[in-house]
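Trainee: Contents of data.tsv (TSV, C-alpha atoms) are below:
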chain	number	residue	atom	x	y	z
A	1	GLY	CA	19.62	-4.71	4.76
A	2	GLN	CA	16.22	-3.31	3.97
A	3	GLN	CA	14.67	-1.37	6.83
A	4	VAL	CA	11.38	0.39	7.22
A	5	MET	CA	11.22	2.66	10.23
A	6	GLN	CA	7.93	3.90	11.63
A	7	ILE	CA	7.29	6.69	14.12
A	8	PRO	CA	5.95	7.37	16.61
A	9	GLN	CA	5.75	4.06	18.42
A	10	TYR	CA	2.76	5.19	20.48
A	11	GLN	CA	0.28	8.03	20.20
A	12	HIS	CA	-2.41	8.98	22.68
A	13	VAL	CA	-4.98	11.48	21.46
A	14	GLN	CA	-8.26	12.92	22.63
A	15	GLU	CA	-11.20	12.00	20.46
A	16	GLY	CA	-11.53	14.61	17.74
A	17	GLU	CA	-7.81	15.34	17.52
A	18	ASP	CA	-5.79	14.49	14.44
A	19	PHE	CA	-3.20	11.71	14.21
A	20	THR	CA	-0.27	11.08	11.89
A	21	THR	CA	2.14	8.17	11.58
A	22	TYR	CA	5.26	8.26	9.43
A	23	CYS	CA	7.16	5.58	7.62
A	24	ASN	CA	10.71	5.89	6.30
A	25	SER	CA	12.73	3.47	4.22
A	26	SER	CA	16.48	3.25	3.80
A	27	THR	CA	15.97	2.47	0.12
A	28	THR	CA	13.52	3.36	-2.63
A	29	LEU	CA	10.36	1.30	-2.46
A	30	SER	CA	8.35	-0.11	-5.35
A	31	ASN	CA	5.16	0.50	-3.42
A	32	ILE	CA	3.86	0.75	0.10
A	33	GLN	CA	0.87	-0.69	1.86
A	34	TRP	CA	-0.87	0.31	5.08
A	35	TYR	CA	-2.57	-2.04	7.51
A	36	LYS	CA	-4.58	-1.64	10.70
A	37	GLN	CA	-4.55	-4.15	13.51
A	38	ARG	CA	-7.15	-3.92	16.25
A	39	PRO	CA	-6.13	-5.13	19.73
A	40	GLY	CA	-6.09	-8.92	19.72
A	41	GLY	CA	-6.78	-9.04	16.00
A	42	HIS	CA	-4.93	-9.55	12.78
A	43	PRO	CA	-3.67	-6.92	10.31
A	44	VAL	CA	-6.26	-5.70	7.85
A	45	PHE	CA	-5.31	-4.05	4.59
A	46	LEU	CA	-6.16	-0.36	4.23
A	47	ILE	CA	-4.53	0.84	1.03
A	48	GLN	CA	-1.64	0.52	-1.40
A	49	LEU	CA	0.34	3.42	-2.89
A	50	VAL	CA	2.40	2.92	-6.00
A	51	LYS	CA	3.23	6.24	-7.64
A	52	SER	CA	5.71	8.86	-6.55
A	53	GLY	CA	3.90	11.68	-4.74
A	54	GLU	CA	0.63	9.75	-4.67
A	55	VAL	CA	-2.10	10.87	-2.28
A	56	LYS	CA	-5.16	8.78	-1.53
A	57	LYS	CA	-8.07	9.43	0.78
A	58	GLN	CA	-10.48	7.13	2.53
A	59	LYS	CA	-13.03	9.21	4.43
A	60	ARG	CA	-11.01	10.66	7.34
A	61	LEU	CA	-7.79	8.87	6.37
A	62	THR	CA	-5.22	10.44	4.04
A	63	PHE	CA	-2.28	8.45	2.75
A	64	GLN	CA	0.78	9.92	1.06
A	65	PHE	CA	3.76	8.41	-0.75
A	66	GLY	CA	6.83	10.60	-0.93
A	67	GLU	CA	8.30	11.94	-4.14
A	68	ALA	CA	11.42	9.83	-3.70
A	69	LYS	CA	9.32	6.77	-2.79
A	70	LYS	CA	11.25	6.41	0.45
A	71	ASN	CA	8.66	7.70	2.88
A	72	SER	CA	4.95	7.60	3.50
A	73	SER	CA	2.44	8.92	5.97
A	74	LEU	CA	-1.04	8.15	7.22
A	75	HIS	CA	-3.07	11.02	8.62
A	76	ILE	CA	-6.39	10.60	10.41
A	77	THR	CA	-8.56	13.68	10.79
A	78	ALA	CA	-10.79	14.01	13.85
A	79	THR	CA	-10.04	10.65	15.42
A	80	GLN	CA	-12.81	8.46	16.77
A	81	THR	CA	-12.67	5.67	19.32
A	82	THR	CA	-13.11	3.21	16.46
A	83	ASP	CA	-9.68	4.29	15.16
A	84	VAL	CA	-7.96	2.58	18.10
A	85	GLY	CA	-5.38	0.03	17.00
A	86	THR	CA	-1.90	-0.32	15.59
A	87	TYR	CA	-1.14	1.03	12.14
A	88	PHE	CA	1.59	-0.62	10.08
A	89	CYS	CA	3.23	0.37	6.87
A	90	ALA	CA	4.74	-2.31	4.63
A	91	GLY	CA	7.21	-1.36	1.94
A	92	TYR	CA	7.75	-3.62	-1.04
A	93	ASN	CA	11.24	-4.15	-2.43
A	94	PHE	CA	13.47	-7.02	-3.53
A	95	ASN	CA	10.41	-9.27	-3.95
A	96	LYS	CA	9.40	-8.95	-0.30
A	97	PHE	CA	7.33	-6.77	1.99
A	98	TYR	CA	9.10	-5.14	4.93
A	99	PHE	CA	6.84	-4.02	7.73
A	100	GLY	CA	7.42	-1.07	9.98
A	101	SER	CA	7.22	-1.65	13.73
A	102	GLY	CA	3.83	0.03	13.87
A	103	THR	CA	2.24	2.99	15.63
A	104	LYS	CA	-0.17	2.14	18.40
A	105	LEU	CA	-3.01	4.66	18.55
A	106	ASN	CA	-5.09	5.14	21.66
A	107	VAL	CA	-8.08	7.47	21.52
A	108	LYS	CA	-9.59	8.83	24.72
A	109	PRO	CA	-13.32	9.52	24.51
B	1	ASP	CA	-16.46	-18.68	2.95
B	2	ALA	CA	-13.75	-19.67	5.45
B	3	GLY	CA	-11.03	-17.49	3.93
B	4	ILE	CA	-7.74	-18.10	5.65
B	5	THR	CA	-7.51	-20.14	8.81
B	6	GLN	CA	-4.72	-21.07	11.18
B	7	SER	CA	-4.40	-23.87	13.68
B	8	PRO	CA	-3.83	-24.19	16.48
B	9	ARG	CA	-4.74	-20.73	17.74
B	10	TYR	CA	-2.72	-21.21	20.91
B	11	LYS	CA	0.17	-23.56	21.57
B	12	ILE	CA	2.51	-24.10	24.49
B	13	THR	CA	5.51	-26.29	23.93
B	14	GLU	CA	8.90	-26.98	25.42
B	15	THR	CA	12.37	-26.13	24.19
B	16	GLY	CA	13.65	-28.68	21.72
B	17	ARG	CA	10.28	-30.00	20.58
B	18	GLN	CA	9.10	-29.92	17.01
B	19	VAL	CA	6.01	-27.82	16.36
B	20	THR	CA	3.97	-27.40	13.20
B	21	LEU	CA	1.65	-24.48	12.63
B	22	MET	CA	-0.99	-24.93	9.96
B	23	CYS	CA	-2.34	-22.43	7.49
B	24	HIS	CA	-5.18	-23.07	5.07
B	25	GLN	CA	-6.80	-20.74	2.54
B	26	THR	CA	-9.89	-21.33	0.42
B	27	TRP	CA	-9.31	-18.68	-2.26
B	28	SER	CA	-6.71	-20.57	-4.32
B	29	HIS	CA	-4.35	-17.65	-3.82
B	30	SER	CA	-0.93	-18.14	-5.36
B	31	TYR	CA	1.17	-16.39	-2.76
B	32	MET	CA	1.29	-17.32	0.89
B	33	PHE	CA	3.41	-15.88	3.67
B	34	TRP	CA	4.45	-16.58	7.23
B	35	TYR	CA	5.18	-13.69	9.58
B	36	ARG	CA	6.06	-13.48	13.21
B	37	GLN	CA	5.01	-10.54	15.33
B	38	ASP	CA	6.99	-9.46	18.37
B	39	LEU	CA	6.70	-6.29	20.41
B	40	GLY	CA	8.79	-3.53	18.91
B	41	HIS	CA	9.48	-5.43	15.67
B	42	GLY	CA	6.21	-5.28	13.84
B	43	LEU	CA	5.77	-8.17	11.44
B	44	ARG	CA	8.81	-9.97	10.12
B	45	LEU	CA	8.65	-12.28	7.14
B	46	ILE	CA	9.83	-15.82	7.82
B	47	TYR	CA	9.11	-17.60	4.53
B	48	TYR	CA	6.89	-17.11	1.55
B	49	SER	CA	5.65	-19.19	-1.33
B	50	ALA	CA	4.76	-18.10	-4.85
B	51	ALA	CA	2.98	-21.35	-5.72
B	52	ALA	CA	2.86	-25.02	-4.81
B	53	ASP	CA	6.38	-26.43	-4.46
B	54	ILE	CA	7.95	-22.95	-4.66
B	55	THR	CA	9.17	-21.42	-1.41
B	56	ASP	CA	11.73	-18.78	-0.49
B	57	LYS	CA	13.30	-17.29	2.60
B	58	GLY	CA	12.21	-14.06	4.19
B	59	GLU	CA	14.00	-11.88	6.74
B	60	VAL	CA	14.14	-14.38	9.63
B	61	PRO	CA	14.07	-17.96	8.28
B	62	ASP	CA	16.54	-19.60	10.67
B	63	GLY	CA	15.00	-22.37	12.75
B	64	TYR	CA	11.93	-22.71	10.52
B	65	VAL	CA	10.97	-25.04	7.70
B	66	VAL	CA	8.07	-24.71	5.27
B	67	SER	CA	6.50	-26.82	2.59
B	68	ARG	CA	3.73	-26.28	0.09
B	69	SER	CA	2.60	-29.45	-1.59
B	70	LYS	CA	-0.91	-28.05	-2.19
B	71	THR	CA	-1.90	-24.51	-3.12
B	72	GLU	CA	-4.27	-24.15	-0.18
B	73	ASN	CA	-1.91	-25.26	2.60
B	74	PHE	CA	1.31	-23.72	3.86
B	75	PRO	CA	2.52	-25.33	7.09
B	76	LEU	CA	5.33	-23.83	9.16
B	77	THR	CA	7.52	-26.17	11.23
B	78	LEU	CA	9.81	-25.27	14.07
B	79	GLU	CA	12.21	-28.20	14.00
B	80	SER	CA	13.58	-27.67	17.49
B	81	ALA	CA	11.73	-24.90	19.27
B	82	THR	CA	13.66	-22.27	21.21
B	83	ARG	CA	12.42	-19.67	23.68
B	84	SER	CA	13.26	-16.92	21.20
B	85	GLN	CA	10.61	-18.38	18.92
B	86	THR	CA	7.87	-17.45	21.38
B	87	SER	CA	5.76	-15.12	19.30
B	88	VAL	CA	2.49	-14.60	17.48
B	89	TYR	CA	2.60	-16.16	14.03
B	90	PHE	CA	0.48	-14.88	11.17
B	91	CYS	CA	-0.14	-16.55	7.88
B	92	ALA	CA	-1.21	-14.41	4.93
B	93	SER	CA	-2.10	-14.88	1.30
B	94	THR	CA	-2.46	-12.72	-1.76
B	95	GLY	CA	-4.08	-13.38	-5.06
B	96	THR	CA	-2.83	-12.27	-8.44
B	97	GLY	CA	0.80	-11.37	-7.92
B	98	VAL	CA	2.79	-10.70	-4.78
B	99	VAL	CA	2.20	-6.95	-4.90
B	100	ASN	CA	-1.37	-7.04	-3.77
B	101	GLU	CA	-3.49	-6.82	-0.66
B	102	GLN	CA	-2.44	-9.44	1.85
B	103	PHE	CA	-5.18	-11.28	3.70
B	104	PHE	CA	-4.10	-12.36	7.15
B	105	GLY	CA	-5.22	-15.31	9.20
B	106	PRO	CA	-6.24	-14.93	12.86
B	107	GLY	CA	-2.77	-15.83	14.15
B	108	THR	CA	-1.25	-18.52	16.36
B	109	ARG	CA	0.13	-17.55	19.74
B	110	LEU	CA	3.09	-19.83	20.44
B	111	THR	CA	4.83	-20.04	23.78
B	112	VAL	CA	8.05	-22.00	24.12
B	113	LEU	CA	8.96	-22.82	27.71
Please go through the file and, once you have read it, give me the structure as structure tokens.

Mentor:
Amino acid sequence: GQQVMQIPQYQHVQEGEDFTTYCNSSTTLSNIQWYKQRPGGHPVFLIQLVKSGEVKKQKRLTFQFGEAKKNSSLHITATQTTDVGTYFCAGYNFNKFYFGSGTKLNVKP
Amino acid sequence: DAGITQSPRYKITETGRQVTLMCHQTWSHSYMFWYRQDLGHGLRLIYYSAAADITDKGEVPDGYVVSRSKTENFPLTLESATRSQTSVYFCASTGTGVVNEQFFGPGTRLTVL
């Protein structure tokens, strides 16, 4: 069945360091979304990527969609304590969204 | 603007009991979804609905029932709760088309003893 794998599961960084989380699908995706969930909160939409090779930026966040539309990454430059939370990718295929297991980011001040 | 709400926020029940989790959205969004979130599994889709009276199964539908008689409501029922259904349940909705930003409710933490 459809699977979306996400690594790493956890990441601890010092404030100011960079952070990257990776998402890989077993099949080609129509598009991919990224969400952030703060501790105790609910997922909040960050961005959607649709095109092969697409790159989008939101301030310190850079999102990429692979050429084969099977993988994606989220990179945060110079992390801040406000970046703490779990980042999820969600790949869309077969009329459904399949979420990765998430990467929990902890930022030490 | 209430957005999307869920009730109850916390629920403790016993094995074998029927439980209904409520979800209500004020945007008149067409699509609504139910997810469960467990450690190590991320969010898994239980059921979704494209419109009133139209529902379909997600990845993990067994043991759950949904209905959608009105656009704004999408209740999720556990007909006979099991311990494996202990989880955090999120309802979400999206507006024009399924491939759009999903807006999540605050979640319901369900414990089945």

Trainee: Using all atoms listed in the file for the distances, tell me which of A:Val4, A:Ala90, A:Val44, A:Val55 is nearest to Ile32 in chain A.

Mentor: A:Ala90

Trainee: Counting only C-alpha atoms, which residues of chain B come no farther than 6 Å from chain A, as a ChimeraX atom specification?

Mentor: /B:40-43,106

Trainee: Which residue, B:Arg17, B:Arg9, B:His24, B:His29, has the smallest gap to Gln102 in chain B when you use all atoms listed in the file?

Mentor: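 Of the candidates, the smallest distance to Gln102 in chain B is held by B:His29.
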
Trainee: From the list A:Gln58, A:Thr79, A:Ser73, A:Gln3, which residue is nearest Thr28 in chain A when using all atoms listed in the file?

Mentor: A:Gln3

Trainee: Nearest residue to Leu76 in chain B out of B:Ser49, B:Thr13, B:Thr26, B:Thr111, using only C-alpha atoms?

Mentor: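 Ranking B:Ser49, B:Thr13, B:Thr26, B:Thr111 by distance to Leu76 in chain B, first place goes to B:Ser49.
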
Trainee: Could you please determine the separation between CA of Thr82 in chain B and CA of Met22 in chain B in Å, to one decimal place?

Mentor: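 Those two atoms sit 18.7 Å apart.
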
Trainee: Just how far from CA of Ser67 in chain B is CA of Lys36 in chain A, in Å to one decimal?

Mentor: 28.7 Å

Trainee: Suppose you want the space between CA of Ser69 in chain B and CA of Trp34 in chain B; what is it in Å?

Mentor: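 Pair CA of Ser69 in chain B / CA of Trp34 in chain B returns 15.7 Å.
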
Trainee: Considering only C-alpha atoms, can you say which of A:Asn106, A:Gln64, A:Asn24, A:Asn71 comes closest to Gly85 in chain A?

Mentor: A:Asn106

Trainee: Pick out the residues sitting within 9 Å of Glu17 in chain A, and hand them over as JSON, numbers by chain; count only C-alpha atoms, and ignore anything fewer than 4 positions along from it in its own chain.

Mentor: {"A": [13, 76, 77, 78, 79, 80, 107]}

Trainee: With all atoms listed in the file counted, which protein, DNA or RNA residues have an atom no more than 10 Å from (9.2, -27.3, 14.3) in the file frame? Please answer as a PyMOL selection string.

Mentor: chain B and resi 16-21+63-66+76-82

Trainee: Please, which residues are within 7 Å of (6.1, -23.5, 24.9) by the file's coordinates, counting only C-alpha atoms, and could they come as a PyMOL selection string?

Mentor: chain B and resi 11-15+110-113

Trainee: Include C-alpha atoms and write out the residues we just selected as a compact mmCIF listing (two decimals), keeping the file's coordinate frame.

Mentor:
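In the end it all went to again.txt:
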# COMPACT_ATOMS: atom_id res chain seq x y z
CA LYS B 11 0.17 -23.56 21.57
CA ILE B 12 2.51 -24.10 24.49
CA THR B 13 5.51 -26.29 23.93
CA GLU B 14 8.90 -26.98 25.42
CA THR B 15 12.37 -26.13 24.19
CA LEU B 110 3.09 -19.83 20.44
CA THR B 111 4.83 -20.04 23.78
CA VAL B 112 8.05 -22.00 24.12
CA LEU B 113 8.96 -22.82 27.71

Trainee: Would you list the contacts of Phe65 in chain A as a ChimeraX atom specification, taking every protein, DNA or RNA residue within 6 Å and counting only C-alpha atoms, but skipping same-chain residues closer than 4 positions in sequence?

Mentor: /A:53-54,72
